[in-house]
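Listing of query.pdb, PDB, C-alpha atoms
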```
ATOM      1  CA  MET A   1      36.678 -34.186 -72.492
ATOM      2  CA  TYR A   2      33.443 -35.653 -71.211
ATOM      3  CA  LEU A   3      30.308 -33.520 -71.038
ATOM      4  CA  ALA A   4      27.021 -34.185 -69.328
ATOM      5  CA  GLY A   5      24.557 -33.831 -72.163
ATOM      6  CA  LYS A   6      20.837 -34.029 -71.563
ATOM      7  CA  MET A   7      17.390 -34.321 -73.076
ATOM      8  CA  THR A   8      14.554 -32.262 -71.646
ATOM      9  CA  ARG A   9      10.876 -32.705 -72.411
ATOM     10  CA  SER A  10       7.967 -30.438 -71.608
ATOM     11  CA  ASN A  11       5.032 -32.874 -71.350
ATOM     12  CA  PRO A  12       5.409 -34.521 -68.979
ATOM     13  CA  ALA A  13       8.267 -32.371 -67.739
ATOM     14  CA  GLY A  14      11.507 -34.263 -67.229
ATOM     15  CA  GLU A  15      15.241 -34.297 -67.823
ATOM     16  CA  LEU A  16      17.499 -37.178 -68.809
ATOM     17  CA  VAL A  17      21.264 -36.714 -68.384
ATOM     18  CA  PHE A  18      23.942 -38.700 -70.224
ATOM     19  CA  LEU A  19      27.701 -38.584 -70.702
ATOM     20  CA  TRP A  20      29.464 -38.236 -74.014
ATOM     21  CA  ASP A  21      32.888 -37.278 -75.338
ATOM     22  CA  THR A  22      33.210 -34.003 -77.274
ATOM     23  CA  GLU A  23      36.973 -33.652 -77.302
ATOM     24  CA  THR A  24      37.167 -33.850 -81.091
ATOM     25  CA  LEU A  25      34.085 -31.739 -81.755
ATOM     26  CA  SER A  26      34.627 -28.063 -82.546
ATOM     27  CA  GLU A  27      32.533 -25.320 -84.094
ATOM     28  CA  GLN A  28      35.144 -24.891 -86.803
ATOM     29  CA  ASP A  29      34.933 -28.534 -87.899
ATOM     30  CA  ASP A  30      32.347 -28.867 -90.656
ATOM     31  CA  ALA A  31      32.552 -32.641 -91.125
ATOM     32  CA  ASP A  32      29.154 -34.254 -91.537
ATOM     33  CA  ALA A  33      29.962 -37.014 -89.048
ATOM     34  CA  GLN A  34      32.469 -37.363 -86.231
ATOM     35  CA  GLU A  35      32.833 -40.561 -84.282
ATOM     36  CA  GLN A  36      32.829 -39.862 -80.548
ATOM     37  CA  ALA A  37      34.583 -41.901 -77.867
ATOM     38  CA  ARG A  38      32.691 -43.762 -75.168
ATOM     39  CA  GLY A  39      32.226 -42.404 -71.662
ATOM     40  CA  GLY A  40      30.165 -43.696 -68.791
ATOM     41  CA  ALA A  41      29.814 -44.501 -65.141
ATOM     42  CA  ASN A  42      27.695 -46.755 -63.001
ATOM     43  CA  GLY A  43      24.024 -45.970 -63.387
ATOM     44  CA  SER A  44      24.499 -43.512 -66.235
ATOM     45  CA  VAL A  45      24.910 -43.947 -69.974
ATOM     46  CA  ALA A  46      27.993 -44.643 -72.024
ATOM     47  CA  VAL A  47      27.294 -42.874 -75.300
ATOM     48  CA  ASP A  48      28.714 -43.219 -78.780
ATOM     49  CA  ALA A  49      27.420 -40.552 -81.142
ATOM     50  CA  LEU A  50      27.764 -39.796 -84.821
ATOM     51  CA  TRP A  51      27.518 -36.036 -85.070
ATOM     52  CA  ASN A  52      25.418 -34.635 -87.866
ATOM     53  CA  PRO A  53      23.416 -31.383 -87.649
ATOM     54  CA  ARG A  54      20.260 -33.185 -88.781
ATOM     55  CA  ARG A  55      20.689 -36.698 -87.394
ATOM     56  CA  VAL A  56      22.199 -37.993 -84.148
ATOM     57  CA  THR A  57      22.553 -41.663 -83.199
ATOM     58  CA  PHE A  58      23.281 -42.719 -79.630
ATOM     59  CA  GLY A  59      24.332 -46.192 -78.575
ATOM     60  CA  GLY A  60      24.397 -46.638 -74.815
ATOM     61  CA  LYS A  61      24.496 -49.169 -72.018
ATOM     62  CA  LEU A  62      22.446 -49.228 -68.843
ATOM     63  CA  LEU A  63      24.826 -50.183 -66.028
ATOM     64  CA  VAL A  64      23.259 -51.730 -62.966
ATOM     65  CA  SER A  65      26.179 -53.157 -60.978
ATOM     66  CA  PRO A  66      25.309 -52.071 -57.405
ATOM     67  CA  ASN A  67      27.510 -49.747 -55.364
ATOM     68  CA  ARG A  68      27.595 -49.209 -51.618
ATOM     69  CA  TRP A  69      26.032 -46.164 -49.995
ATOM     70  CA  GLY A  70      28.325 -43.277 -49.040
ATOM     71  CA  PRO A  71      27.901 -39.702 -47.725
ATOM     72  CA  GLY A  72      27.936 -36.752 -50.127
ATOM     73  CA  LEU A  73      27.882 -38.854 -53.282
ATOM     74  CA  LEU A  74      26.253 -37.652 -56.499
ATOM     75  CA  ALA A  75      23.583 -40.122 -57.582
ATOM     76  CA  ASN A  76      22.045 -40.076 -61.046
ATOM     77  CA  ALA A  77      18.622 -41.439 -61.895
ATOM     78  CA  GLY A  78      19.102 -45.180 -62.421
ATOM     79  CA  ASP A  79      22.073 -45.655 -60.081
ATOM     80  CA  VAL A  80      21.785 -48.779 -57.915
ATOM     81  CA  ILE A  81      23.108 -49.389 -54.401
ATOM     82  CA  ALA A  82      23.051 -52.559 -52.320
ATOM     83  CA  LEU A  83      22.832 -52.703 -48.535
ATOM     84  CA  PRO A  84      25.006 -55.236 -46.653
ATOM     85  CA  ASP A  85      22.032 -57.631 -46.501
ATOM     86  CA  GLY A  86      21.676 -57.462 -50.307
ATOM     87  CA  THR A  87      18.598 -55.179 -50.415
ATOM     88  CA  LEU A  88      18.638 -53.034 -53.553
ATOM     89  CA  TYR A  89      17.690 -49.392 -53.946
ATOM     90  CA  GLN A  90      17.662 -47.361 -57.138
ATOM     91  CA  CYS A  91      17.973 -43.592 -57.517
ATOM     92  CA  THR A  92      14.757 -42.121 -58.910
ATOM     93  CA  GLN A  93      15.652 -38.462 -58.270
ATOM     94  CA  THR A  94      19.163 -37.191 -59.072
ATOM     95  CA  GLY A  95      20.995 -35.427 -56.260
ATOM     96  CA  ALA A  96      23.662 -35.771 -53.563
ATOM     97  CA  THR A  97      23.411 -38.186 -50.663
ATOM     98  CA  GLY A  98      23.225 -36.819 -47.122
ATOM     99  CA  ALA A  99      25.889 -36.759 -44.422
ATOM    100  CA  ASP A 100      24.261 -39.605 -42.484
ATOM    101  CA  GLU A 101      22.969 -42.887 -43.835
ATOM    102  CA  PRO A 102      19.161 -42.801 -43.977
ATOM    103  CA  ASP A 103      16.779 -45.231 -42.331
ATOM    104  CA  TRP A 104      16.150 -47.825 -44.988
ATOM    105  CA  GLY A 105      13.051 -49.922 -45.311
ATOM    106  CA  ASP A 106      10.437 -47.733 -46.964
ATOM    107  CA  GLU A 107       9.405 -48.043 -50.568
ATOM    108  CA  ALA A 108      10.780 -44.523 -51.159
ATOM    109  CA  VAL A 109      13.639 -43.120 -49.070
ATOM    110  CA  THR A 110      14.772 -39.477 -48.983
ATOM    111  CA  ASP A 111      18.549 -39.180 -48.641
ATOM    112  CA  GLY A 112      19.860 -35.605 -48.805
ATOM    113  CA  THR A 113      18.533 -34.473 -52.172
ATOM    114  CA  VAL A 114      18.353 -38.036 -53.530
ATOM    115  CA  THR A 115      15.230 -40.182 -53.658
ATOM    116  CA  TRP A 116      15.794 -43.951 -53.552
ATOM    117  CA  GLY A 117      13.192 -46.508 -54.610
ATOM    118  CA  ARG A 118      13.349 -50.028 -53.226
ATOM    119  CA  ARG A 119      13.881 -52.826 -55.767
ATOM    120  CA  ALA A 120      13.575 -56.559 -55.229
ATOM    121  CA  ALA A 121      15.968 -57.679 -57.978
ATOM    122  CA  LEU A 122      18.377 -56.358 -60.581
ATOM    123  CA  TYR A 123      15.939 -57.068 -63.394
ATOM    124  CA  GLU A 124      13.550 -54.553 -61.787
ATOM    125  CA  CYS A 125      16.310 -51.945 -61.909
ATOM    126  CA  VAL A 126      16.886 -52.682 -65.587
ATOM    127  CA  ARG A 127      13.168 -52.487 -66.349
ATOM    128  CA  TRP A 128      12.866 -49.185 -64.481
ATOM    129  CA  ALA A 129      15.776 -47.680 -66.426
ATOM    130  CA  ARG A 130      14.437 -49.041 -69.726
ATOM    131  CA  ASP A 131      11.032 -47.485 -69.087
ATOM    132  CA  LEU A 132      12.677 -44.170 -68.126
ATOM    133  CA  TYR A 133      14.597 -44.009 -71.397
ATOM    134  CA  ASP A 134      11.689 -45.296 -73.441
ATOM    135  CA  GLY A 135       9.576 -42.464 -72.024
ATOM    136  CA  PHE A 136      12.030 -39.942 -73.459
ATOM    137  CA  PHE A 137      12.268 -41.800 -76.763
ATOM    138  CA  HIS A 138       8.481 -41.458 -77.141
ATOM    139  CA  ALA A 139       8.200 -37.900 -75.779
ATOM    140  CA  GLY A 140       7.822 -36.264 -79.195
ATOM    141  CA  VAL A 141       9.986 -33.172 -79.712
ATOM    142  CA  VAL A 142      12.609 -32.721 -76.996
ATOM    143  CA  LYS A 143      15.419 -30.282 -76.378
ATOM    144  CA  LEU A 144      18.636 -32.201 -77.024
ATOM    145  CA  TYR A 145      21.736 -30.660 -75.449
ATOM    146  CA  LEU A 146      24.987 -31.882 -76.956
ATOM    147  CA  ASP A 147      26.999 -29.204 -75.218
ATOM    148  CA  SER A 148      26.521 -27.364 -71.966
ATOM    149  CA  ASP A 149      24.348 -24.441 -73.049
ATOM    150  CA  ARG A 150      22.952 -24.993 -76.567
ATOM    151  CA  TYR A 151      20.174 -27.265 -77.705
ATOM    152  CA  HIS A 152      18.584 -28.751 -80.802
ATOM    153  CA  PHE A 153      14.921 -29.468 -81.240
ATOM    154  CA  ALA A 154      14.928 -33.200 -81.975
ATOM    155  CA  GLN A 155      12.601 -36.189 -82.240
ATOM    156  CA  CYS A 156      13.340 -39.890 -81.858
ATOM    157  CA  VAL A 157      12.663 -41.848 -85.054
ATOM    158  CA  ALA A 158      14.063 -45.253 -84.046
ATOM    159  CA  ARG A 159      15.108 -47.032 -80.859
ATOM    160  CA  SER A 160      15.981 -50.545 -79.747
ATOM    161  CA  PHE A 161      16.976 -52.419 -76.564
ATOM    162  CA  GLU A 162      19.071 -55.562 -76.259
ATOM    163  CA  GLN A 163      19.597 -57.739 -73.203
ATOM    164  CA  MET A 164      23.270 -58.339 -72.379
ATOM    165  CA  GLU A 165      24.824 -61.273 -70.570
ATOM    166  CA  ASN A 166      27.483 -59.214 -68.813
ATOM    167  CA  PRO A 167      26.160 -58.939 -65.234
ATOM    168  CA  ASP A 168      27.531 -55.401 -64.871
ATOM    169  CA  VAL A 169      25.884 -54.172 -68.085
ATOM    170  CA  ALA A 170      22.387 -55.553 -68.220
ATOM    171  CA  LEU A 171      20.897 -53.678 -71.190
ATOM    172  CA  SER A 172      22.162 -51.853 -74.259
ATOM    173  CA  TRP A 173      20.151 -49.398 -76.322
ATOM    174  CA  GLU A 174      20.383 -47.381 -79.484
ATOM    175  CA  ALA A 175      18.284 -44.376 -80.439
ATOM    176  CA  THR A 176      18.304 -42.178 -83.515
ATOM    177  CA  TYR A 177      17.098 -38.577 -83.364
ATOM    178  CA  THR A 178      16.428 -36.291 -86.278
ATOM    179  CA  CYS A 179      16.667 -32.520 -86.044
ATOM    180  CA  PRO A 180      14.469 -31.014 -88.789
ATOM    181  CA  ASP A 181      15.805 -27.638 -87.699
ATOM    182  CA  PRO A 182      19.627 -27.948 -87.862
ATOM    183  CA  ILE A 183      20.114 -24.852 -85.687
ATOM    184  CA  ARG A 184      21.434 -25.104 -82.126
ATOM    185  CA  TYR A 185      19.844 -22.563 -79.788
ATOM    186  CA  ASP A 186      21.562 -20.786 -76.912
ATOM    187  CA  ASP A 187      20.021 -21.660 -73.564
ATOM    188  CA  ALA A 188      20.462 -18.043 -72.382
ATOM    189  CA  LEU A 189      17.962 -15.370 -73.405
ATOM    190  CA  HIS A 190      19.706 -12.017 -73.927
ATOM    191  CA  THR A 191      17.593  -8.924 -73.231
ATOM    192  CA  THR A 192      18.225  -5.199 -73.714
ATOM    193  CA  THR A 193      15.774  -2.505 -72.565
ATOM    194  CA  LEU A 194      15.996   1.171 -73.499
ATOM    195  CA  ALA A 195      13.777   4.086 -72.436
ATOM    196  CA  LEU A 196      12.670   6.132 -75.441
ATOM    197  CA  THR A 197      12.355   9.886 -74.926
ATOM    198  CA  GLY A 198      12.248  13.019 -77.037
ATOM    199  CA  ALA A 199      11.805  12.995 -80.787
ATOM    200  CA  GLY A 200      14.212  10.132 -81.546
ATOM    201  CA  PRO A 201      15.661   8.274 -83.265
ATOM    202  CA  ALA A 202      17.248   5.950 -80.696
ATOM    203  CA  ALA A 203      20.046   3.474 -81.447
ATOM    204  CA  ILE A 204      20.344   0.208 -79.522
ATOM    205  CA  PRO A 205      23.590  -1.777 -79.846
ATOM    206  CA  ILE A 206      23.160  -5.576 -79.838
ATOM    207  CA  ALA A 207      26.120  -7.951 -79.550
ATOM    208  CA  TYR A 208      25.223 -11.248 -81.197
ATOM    209  CA  GLU A 209      27.417 -14.312 -80.599
ATOM    210  CA  GLY A 210      25.909 -16.970 -82.868
ATOM    211  CA  ASN A 211      27.234 -17.923 -86.293
ATOM    212  CA  ALA A 212      23.704 -18.459 -87.678
ATOM    213  CA  PRO A 213      21.400 -15.440 -88.146
ATOM    214  CA  GLY A 214      19.376 -14.496 -85.082
ATOM    215  CA  ALA A 215      15.771 -13.313 -84.882
ATOM    216  CA  PRO A 216      14.992 -10.639 -82.300
ATOM    217  CA  VAL A 217      11.742 -10.112 -80.424
ATOM    218  CA  LEU A 218      10.809  -6.404 -80.104
ATOM    219  CA  ALA A 219       8.462  -5.357 -77.285
ATOM    220  CA  PHE A 220       7.295  -1.713 -77.186
ATOM    221  CA  ASP A 221       5.488   0.009 -74.319
ATOM    222  CA  VAL A 222       2.927   2.322 -75.904
ATOM    223  CA  ALA A 223       0.260   4.795 -74.849
ATOM    224  CA  GLU A 224      -3.253   4.740 -76.281
ATOM    225  CA  GLY A 225      -3.463   6.413 -79.679
ATOM    226  CA  GLN A 226      -1.896   6.175 -83.122
ATOM    227  CA  VAL A 227       1.633   4.772 -83.507
ATOM    228  CA  ALA A 228       4.008   5.060 -86.456
ATOM    229  CA  ILE A 229       7.269   3.287 -85.615
ATOM    230  CA  LEU A 230      10.191   2.389 -87.871
ATOM    231  CA  VAL A 231      12.809  -0.152 -86.761
ATOM    232  CA  GLU A 232      15.983  -0.668 -88.788
ATOM    233  CA  ASN A 233      19.027  -2.882 -88.476
ATOM    234  CA  LEU A 234      21.681  -0.461 -89.681
ATOM    235  CA  ASN A 235      24.085  -3.340 -90.338
ATOM    236  CA  THR A 236      21.820  -5.461 -92.545
ATOM    237  CA  GLY A 237      19.617  -2.727 -94.023
ATOM    238  CA  GLU A 238      16.417  -4.499 -92.970
ATOM    239  CA  ARG A 239      13.467  -2.277 -91.998
ATOM    240  CA  LEU A 240      10.025  -2.866 -90.550
ATOM    241  CA  THR A 241       7.178  -0.480 -89.722
ATOM    242  CA  ILE A 242       4.447  -0.589 -87.098
ATOM    243  CA  ASP A 243       1.389   1.576 -87.869
ATOM    244  CA  GLY A 244      -2.106   1.937 -86.488
ATOM    245  CA  ALA A 245      -4.276   2.569 -83.468
ATOM    246  CA  VAL A 246      -3.277   0.872 -80.209
ATOM    247  CA  SER A 247      -4.495   0.571 -76.647
ATOM    248  CA  ALA A 248      -2.149   1.360 -73.786
ATOM    249  CA  GLY A 249       0.129  -1.600 -73.055
ATOM    250  CA  ALA A 250       2.711  -3.620 -74.962
ATOM    251  CA  VAL A 251       3.058  -4.296 -78.686
ATOM    252  CA  THR A 252       5.387  -7.188 -79.490
ATOM    253  CA  VAL A 253       6.887  -8.176 -82.837
ATOM    254  CA  ASP A 254       8.435 -11.672 -83.006
ATOM    255  CA  CYS A 255      10.823 -11.700 -85.956
ATOM    256  CA  ASP A 256      11.192 -15.483 -85.712
ATOM    257  CA  GLU A 257       7.497 -16.372 -85.698
ATOM    258  CA  GLY A 258       6.538 -13.441 -87.951
ATOM    259  CA  THR A 259       3.827 -12.257 -85.572
ATOM    260  CA  ILE A 260       2.695  -9.015 -83.952
ATOM    261  CA  VAL A 261       0.516  -9.069 -80.824
ATOM    262  CA  ALA A 262      -0.871  -6.458 -78.442
ATOM    263  CA  SER A 263      -1.420  -6.919 -74.712
ATOM    264  CA  ALA A 264      -4.719  -5.004 -75.037
ATOM    265  CA  GLY A 265      -6.980  -4.484 -78.021
ATOM    266  CA  ASP A 266      -6.145  -5.281 -81.620
ATOM    267  CA  PRO A 267      -2.512  -5.102 -82.764
ATOM    268  CA  PRO A 268      -1.412  -2.465 -85.285
ATOM    269  CA  THR A 269      -0.144  -3.330 -88.762
ATOM    270  CA  CYS A 270       3.421  -4.570 -89.207
ATOM    271  CA  ASP A 271       4.999  -4.250 -92.656
ATOM    272  CA  GLY A 272       8.434  -4.498 -94.246
ATOM    273  CA  GLU A 273      11.118  -7.086 -93.462
ATOM    274  CA  LEU A 274      11.506  -9.268 -90.407
ATOM    275  CA  LEU A 275      14.763  -8.226 -88.778
ATOM    276  CA  SER A 276      17.727 -10.540 -88.349
ATOM    277  CA  LEU A 277      20.948 -10.318 -86.330
ATOM    278  CA  ASN A 278      24.385 -11.034 -87.760
ATOM    279  CA  ARG A 279      27.351 -12.301 -85.796
ATOM    280  CA  GLY A 280      29.117  -9.486 -83.968
ATOM    281  CA  ALA A 281      27.881  -5.930 -83.545
ATOM    282  CA  ASN A 282      24.377  -4.947 -84.657
ATOM    283  CA  THR A 283      22.714  -1.561 -84.250
ATOM    284  CA  LEU A 284      18.924  -1.424 -84.192
ATOM    285  CA  GLN A 285      17.532   2.074 -84.678
ATOM    286  CA  VAL A 286      14.015   3.023 -83.608
ATOM    287  CA  SER A 287      12.310   6.093 -85.114
ATOM    288  CA  TRP A 288       8.750   7.363 -84.652
ATOM    289  CA  THR A 289       6.411  10.192 -85.495
ATOM    290  CA  GLY A 290       3.831  11.692 -83.162
ATOM    291  CA  THR A 291       3.502  10.059 -79.758
ATOM    292  CA  GLY A 292       6.211   7.442 -79.673
ATOM    293  CA  PRO A 293       6.713   4.370 -77.509
ATOM    294  CA  THR A 294       8.074   4.943 -74.016
ATOM    295  CA  SER A 295      10.494   2.013 -74.091
ATOM    296  CA  VAL A 296      11.611  -0.954 -76.168
ATOM    297  CA  THR A 297      12.880  -4.341 -74.988
ATOM    298  CA  ILE A 298      14.854  -6.447 -77.480
ATOM    299  CA  SER A 299      15.318 -10.149 -76.730
ATOM    300  CA  HIS A 300      17.197 -12.829 -78.640
ATOM    301  CA  ARG A 301      18.862 -16.214 -78.355
ATOM    302  CA  SER A 302      22.107 -16.831 -80.194
ATOM    303  CA  ARG A 303      21.903 -19.549 -82.839
ATOM    304  CA  TRP A 304      24.624 -21.827 -84.140
ATOM    305  CA  TRP A 305      25.051 -23.995 -87.197
TER     306      TRP A 305
END
```

Would it be possible to restate this file's structure as structure tokens?
Amino acid sequence: MYLAGKMTRSNPAGELVFLWDTETLSEQDDADAQEQARGGANGSVAVDALWNPRRVTFGGKLLVSPNRWGPGLLANAGDVIALPDGTLYQCTQTGATGADEPDWGDEAVTDGTVTWGRRAALYECVRWARDLYDGFFHAGVVKLYLDSDRYHFAQCVARSFEQMENPDVALSWEATYTCPDPIRYDDALHTTTLALTGAGPAAIPIAYEGNAPGAPVLAFDVAEGQVAILVENLNTGERLTIDGAVSAGAVTVDCDEGTIVASAGDPPTCDGELLSLNRGANTLQVSWTGTGPTSVTISHRSRWW
């Protein structure tokens, strides 16, 4: 089964999509390395990968054999088309071509949701694709998606390019990424909000899907005054307290970063244990004395080994 993996970077913002084969990869398989089959298509990347939670090596090929234009075709960044007169255009913005062939001739042509850039020769297409990939290899820490909705934080530690004689495959590359944090993070942020009324306590059920411990973020809406809040995970036995004077607004405890911040004024004191989430059902219980918070929002991302 072929998946469209991707790398995303934040500065400058960008996304690089590739194909790879994950048919033999499963969450139950704990092997340190699994050799993946090769997948690819014109203008994209054929990827071989050795799977390791801390180190991933890709070996790919940049394919530049030109295609003809057609309506409603999906074009990936790097794809090359040739007009009947031999003029070359390369996709610089992924998308689908329009219903009618565009008017060619400009340096940049908009075609449906695709942007084409004019190229004089195939070597320009290869250089453009090389520079695109090299920009991601030198982007620092990127989000590396090796399945559809979970990512590693990874950084390139080695890369190389090699010119190839095959006219349909003009350049091969290899890049090695390390993942100092072996955890894969769920792309989806799960959020639960509960209004807090009366004297409490209030129990909030949290369903956690990951097989690595999660770290919730707790955001309380509070009125001005003194707060004394106790939060417990009844499944793990972990407890933390929030005590002190607050201004009206939000008080947020990030159990991953180990921080407490207030939207106004100084934050109160947070003591005890940072809460975690186990796979399956978790119940977080909030108790308070005096004037309690009016609501709590609990956010988390599932994590996977």

Evaluating the PyMOL selection byres ((chain A and resi 214) around 12) on the displayed file yields which residues, as number ranges by chain? A: 183-186, 189-190, 206-213, 215-217, 236, 254-256, 274-280, 282, 298-305

Any idea what the distance is between atom CA of Asp79 of chain A and atom CA of Gly5 of chain A?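 Taking atom CA of Asp79 of chain A as the start and atom CA of Gly5 of chain A as the end point, the length is 17.1 Å.
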
Grab the atom CA of Phe161 of chain A to atom CA of Trp69 of chain A distance for me, in Å with one decimal place.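 Distance between the two atoms: 28.8 Å.
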
Can you spell out as a PyMOL selection string the set of residues that the PyMOL selection byres ((chain A and resi 105) around 12) selects in the structure I just provided? chain A and resi 83+85+87-89+102-104+106-110+116-120

Could you tell me which residues the PyMOL selection byres ((chain A and resi 284) around 6) returns for this structure, as JSON, numbers by chain? {"A": [203, 204, 232, 233, 283, 285]}

Take atom CA of Leu73 of chain A and atom CA of Ala175 of chain A and report the distance between them in Å, one decimal. 29.3 Å
